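Taking it in order: structure first as structure tokens, then the write-up.
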Amino acid sequence: MTSTKNDGLQALGFRFGLNGPHAARTMMLTDLRQLLAHTERDATRADYARAVVEENALGKPTRKARQLALRHLVTLYGLNPANPIFRALRRLWPLDEGAQPLLALAVALARDPLLRVTMPFILARSVGTPMPREAVESFLASACPDRFSASSLKSFAQNVAGTWTSAGFLQGHSRKTRSQVHARPEAVALLLFLGYLEGRTGQRLFSSEWTNLINGSPDELEALANSASHRGLLVFMNAGGVKEVRFPGYLTPEEERIRQEVSHVV
């Protein structure tokens, strides 16, 4: 059943498997910002490729470096308007620069299985807890036994720590500690949407692994969802404790059909 569900989720923009860009890169937040600032919201996949490779929008020194950057960005974010997750990212991205780090992290988690492995480890640490690179390496070695050499494990741990730092979950340079993330309504809209794509509805949307990224109370999460609704990012209704969340215009009829199929797979 899991394979069938994953097939549906892949059609909706998620990625699964063993490999991901974090074996070589962070989530490339600066590059993503430059690329989305350089291109129009309705840009095609070919437009993104042209911007990176031909126009050198990211300022890379060689054509090979441009092509490699494009490959990693495509894997991390899709860069394709046919991808529902990337479409949602592109829709929400320009609305609040402060929301962009968490928006990028959410999509990177949905699309990079290597980064996703580290999510429970990071979220289990309380604010202020030291997060030395060696602790990340130890976790990765146990989570992915016999997968990485000592040198690649160190690189992977550095890349992962770099991404969680860029997203605001870690702070510090050589000595990192767990920090508090302050979510914006735009980011909450995307986190709820990712849960919705997985087949969740109603109250279950507020208790997914995606909303766990926000270390806030249920009341705080509901307030952010309400703010997102007032801004037209989604529709949120709460009557007598019964919650309903809808995402008008986010999915095509075919994508909604796939989402409903996913919701029925255990």
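Chains: A, B, ... in order of the structure tokens. Residues: from 1 per chain. Ligands: from 1, in order shown.
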- Task: Show which residues sit within 7 Å of Ala157 of chain A, as a list in words. Count only C-alpha atoms, and ignore same-chain residues fewer than 3 positions away.
- Result: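 The contact residues come out as Arg133, Val136, Glu137, Leu153, Lys154, Val160 and Ala161 of chain A.
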Report as JSON lines the residues of segment 171-232 of chain A within 10 Å of segment 106-126 of chain A, each with its shortest atom pair and distance in Å (one decimal), using only C-alpha atoms, ordered by chain and increasing residue number.
```
{"residue": "A:Thr177", "atom": "CA", "partner": "A:Arg125", "partner_atom": "CA", "distance": 9.3}
{"residue": "A:Arg178", "atom": "CA", "partner": "A:Ser126", "partner_atom": "CA", "distance": 6.6}
{"residue": "A:Ser179", "atom": "CA", "partner": "A:Ser126", "partner_atom": "CA", "distance": 8.1}
{"residue": "A:Gln180", "atom": "CA", "partner": "A:Ser126", "partner_atom": "CA", "distance": 8.8}
{"residue": "A:Ala187", "atom": "CA", "partner": "A:Ala106", "partner_atom": "CA", "distance": 8.3}
{"residue": "A:Val188", "atom": "CA", "partner": "A:Ala106", "partner_atom": "CA", "distance": 9.9}
{"residue": "A:Leu190", "atom": "CA", "partner": "A:Ala106", "partner_atom": "CA", "distance": 7.7}
{"residue": "A:Leu191", "atom": "CA", "partner": "A:Ala106", "partner_atom": "CA", "distance": 6.9}
{"residue": "A:Leu194", "atom": "CA", "partner": "A:Ala110", "partner_atom": "CA", "distance": 8.1}
{"residue": "A:Glu209", "atom": "CA", "partner": "A:Pro120", "partner_atom": "CA", "distance": 8.9}
{"residue": "A:Trp210", "atom": "CA", "partner": "A:Ala106", "partner_atom": "CA", "distance": 7.6}
{"residue": "A:Asn212", "atom": "CA", "partner": "A:Leu123", "partner_atom": "CA", "distance": 7.8}
{"residue": "A:Leu213", "atom": "CA", "partner": "A:Leu123", "partner_atom": "CA", "distance": 7.0}
{"residue": "A:Ile214", "atom": "CA", "partner": "A:Leu123", "partner_atom": "CA", "distance": 9.2}
{"residue": "A:Asn215", "atom": "CA", "partner": "A:Leu123", "partner_atom": "CA", "distance": 8.5}
```
12 Å contact set for Tyr196 of chain A, only C-alpha atoms, chain neighbours under 2 positions out, as an mmCIF file with C-alpha atoms, in the first residue's frame:
```cif
data_model
loop_
_atom_site.group_PDB
_atom_site.id
_atom_site.type_symbol
_atom_site.label_atom_id
_atom_site.label_comp_id
_atom_site.auth_asym_id
_atom_site.auth_seq_id
_atom_site.Cartn_x
_atom_site.Cartn_y
_atom_site.Cartn_z
ATOM 1 C CA LEU A 9 2.273 11.580 -3.819
ATOM 2 C CA LEU A 12 1.589 15.563 -6.664
ATOM 3 C CA PRO A 84 1.544 21.375 -7.488
ATOM 4 C CA ILE A 85 4.066 21.872 -4.679
ATOM 5 C CA ALA A 189 -0.518 27.919 4.304
ATOM 6 C CA LEU A 190 2.104 25.788 2.554
ATOM 7 C CA LEU A 191 2.540 23.434 5.526
ATOM 8 C CA LEU A 192 -1.207 22.849 5.677
ATOM 9 C CA PHE A 193 -1.270 22.346 1.907
ATOM 10 C CA LEU A 194 1.416 19.643 2.120
ATOM 11 C CA GLU A 198 -1.146 13.671 1.768
ATOM 12 C CA GLY A 199 -4.889 13.205 2.198
ATOM 13 C CA ARG A 200 -5.436 14.963 5.508
ATOM 14 C CA THR A 201 -8.468 17.173 6.088
ATOM 15 C CA GLY A 202 -10.042 19.065 8.969
ATOM 16 C CA GLN A 203 -8.434 18.729 12.382
ATOM 17 C CA ARG A 204 -5.918 16.174 11.078
ATOM 18 C CA LEU A 205 -4.266 18.934 9.031
ATOM 19 C CA PHE A 206 -3.212 20.583 12.297
ATOM 20 C CA SER A 207 -1.396 17.525 13.645
ATOM 21 C CA SER A 208 0.738 16.482 10.672
ATOM 22 C CA GLU A 209 4.538 16.274 10.559
ATOM 23 C CA TRP A 210 4.411 19.476 8.530
ATOM 24 C CA THR A 211 2.704 21.553 11.199
ATOM 25 C CA LEU A 234 -6.640 29.469 1.829
ATOM 26 C CA GLU A 244 -12.383 22.931 7.585
ATOM 27 C CA VAL A 245 -9.513 24.027 5.361
ATOM 28 C CA ARG A 246 -9.754 24.407 1.606
ATOM 29 C CA PHE A 247 -7.267 25.502 -1.041
ATOM 30 C CA TYR A 250 -4.247 25.214 -5.874
ATOM 31 C CA LEU A 251 -5.036 21.961 -7.696
ATOM 32 C CA GLU A 255 -4.628 16.549 -9.207
ATOM 33 C CA GLU A 256 -7.553 16.691 -6.784
ATOM 34 C CA ILE A 258 -5.171 11.881 -7.272
ATOM 35 C CA ARG A 259 -5.176 13.540 -3.858
ATOM 36 C CA GLN A 260 -8.486 11.888 -2.992
ATOM 37 C CA VAL A 262 -4.073 9.061 -1.881
ATOM 38 C CA SER A 263 -6.349 9.816 1.082
#
```
- Residues of segment 71-266 of chain A in helix (DSSP H, G or I), written as an MDAnalysis selection string: chainID A and resid 71:77 84:95 97:111 113:117 119:123 133:143 150:166 185:197 202:207 211:213 218:230 253:263
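Take the candidates A:Pro145, A:Arg66, A:Val127, A:Arg184 and check each one against Glu97 of chain A using only C-alpha atoms; the shortest distance goes to A:Arg184.
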- Query: What does the distance between atom CA of Arg15 of chain A and atom CA of Arg87 of chain A come to in Å, to one decimal place?
  - Reply: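 These atoms are spaced 15.5 Å apart.
All residues within segment 221-263 of chain A that the backbone DSSP calculation assigns to strand (DSSP E) are Val235, Phe236, Met237, Asn238, Ala239, Val242, Lys243, Glu244, Val245 and Arg246 of chain A.
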Save out the residues we just selected, C-alpha atoms, as a PDB file, in the first residue's frame.
```
ATOM      1  CA  VAL A 235     -10.124  29.094   3.260  1.00  0.00           C
ATOM      2  CA  PHE A 236     -10.284  28.282   6.970  1.00  0.00           C
ATOM      3  CA  MET A 237     -13.507  27.792   8.903  1.00  0.00           C
ATOM      4  CA  ASN A 238     -13.905  26.724  12.499  1.00  0.00           C
ATOM      5  CA  ALA A 239     -17.463  26.181  13.737  1.00  0.00           C
ATOM      6  CA  VAL A 242     -15.009  21.488  13.672  1.00  0.00           C
ATOM      7  CA  LYS A 243     -12.267  22.758  11.366  1.00  0.00           C
ATOM      8  CA  GLU A 244     -12.383  22.931   7.585  1.00  0.00           C
ATOM      9  CA  VAL A 245      -9.513  24.027   5.361  1.00  0.00           C
ATOM     10  CA  ARG A 246      -9.754  24.407   1.606  1.00  0.00           C
TER      11      ARG A 246
END
```
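Atom CA of Gly13 of chain A is found 20.9 Å from atom CA of Leu68 of chain A.
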- Query: Which is closest to Ala51 of chain A among A:Arg25, A:Arg90, A:Lys176, A:His38, if we use only C-alpha atoms?
  - Reply: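 With only C-alpha atoms as the atom set, the closest residue is A:His38.
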- Using only C-alpha atoms, determine which residues lie at most 8 Å from Leu79 of chain A, disregarding the query and same-chain residues fewer than 5 positions distant; provide the list as number ranges by chain. A: 44-45, 48, 73-74, 86
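Interatomic distance, atom CA of Ala65 of chain A against atom CA of Val53 of chain A: 8.8 Å.
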- A:Ser166, A:Thr26, A:Thr39, A:Gln158 ranked by distance to Pro132 of chain A, top pick (using only C-alpha atoms):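 Of the candidates, the smallest distance to Pro132 of chain A is held by A:Gln158.
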- Go through A:Cys144, A:Pro61, A:Ala135, A:Ala167 and flag the residue nearest Thr30 of chain A, using only C-alpha atoms for the distances.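 So, comparing all the options, the nearest one is A:Ala167.
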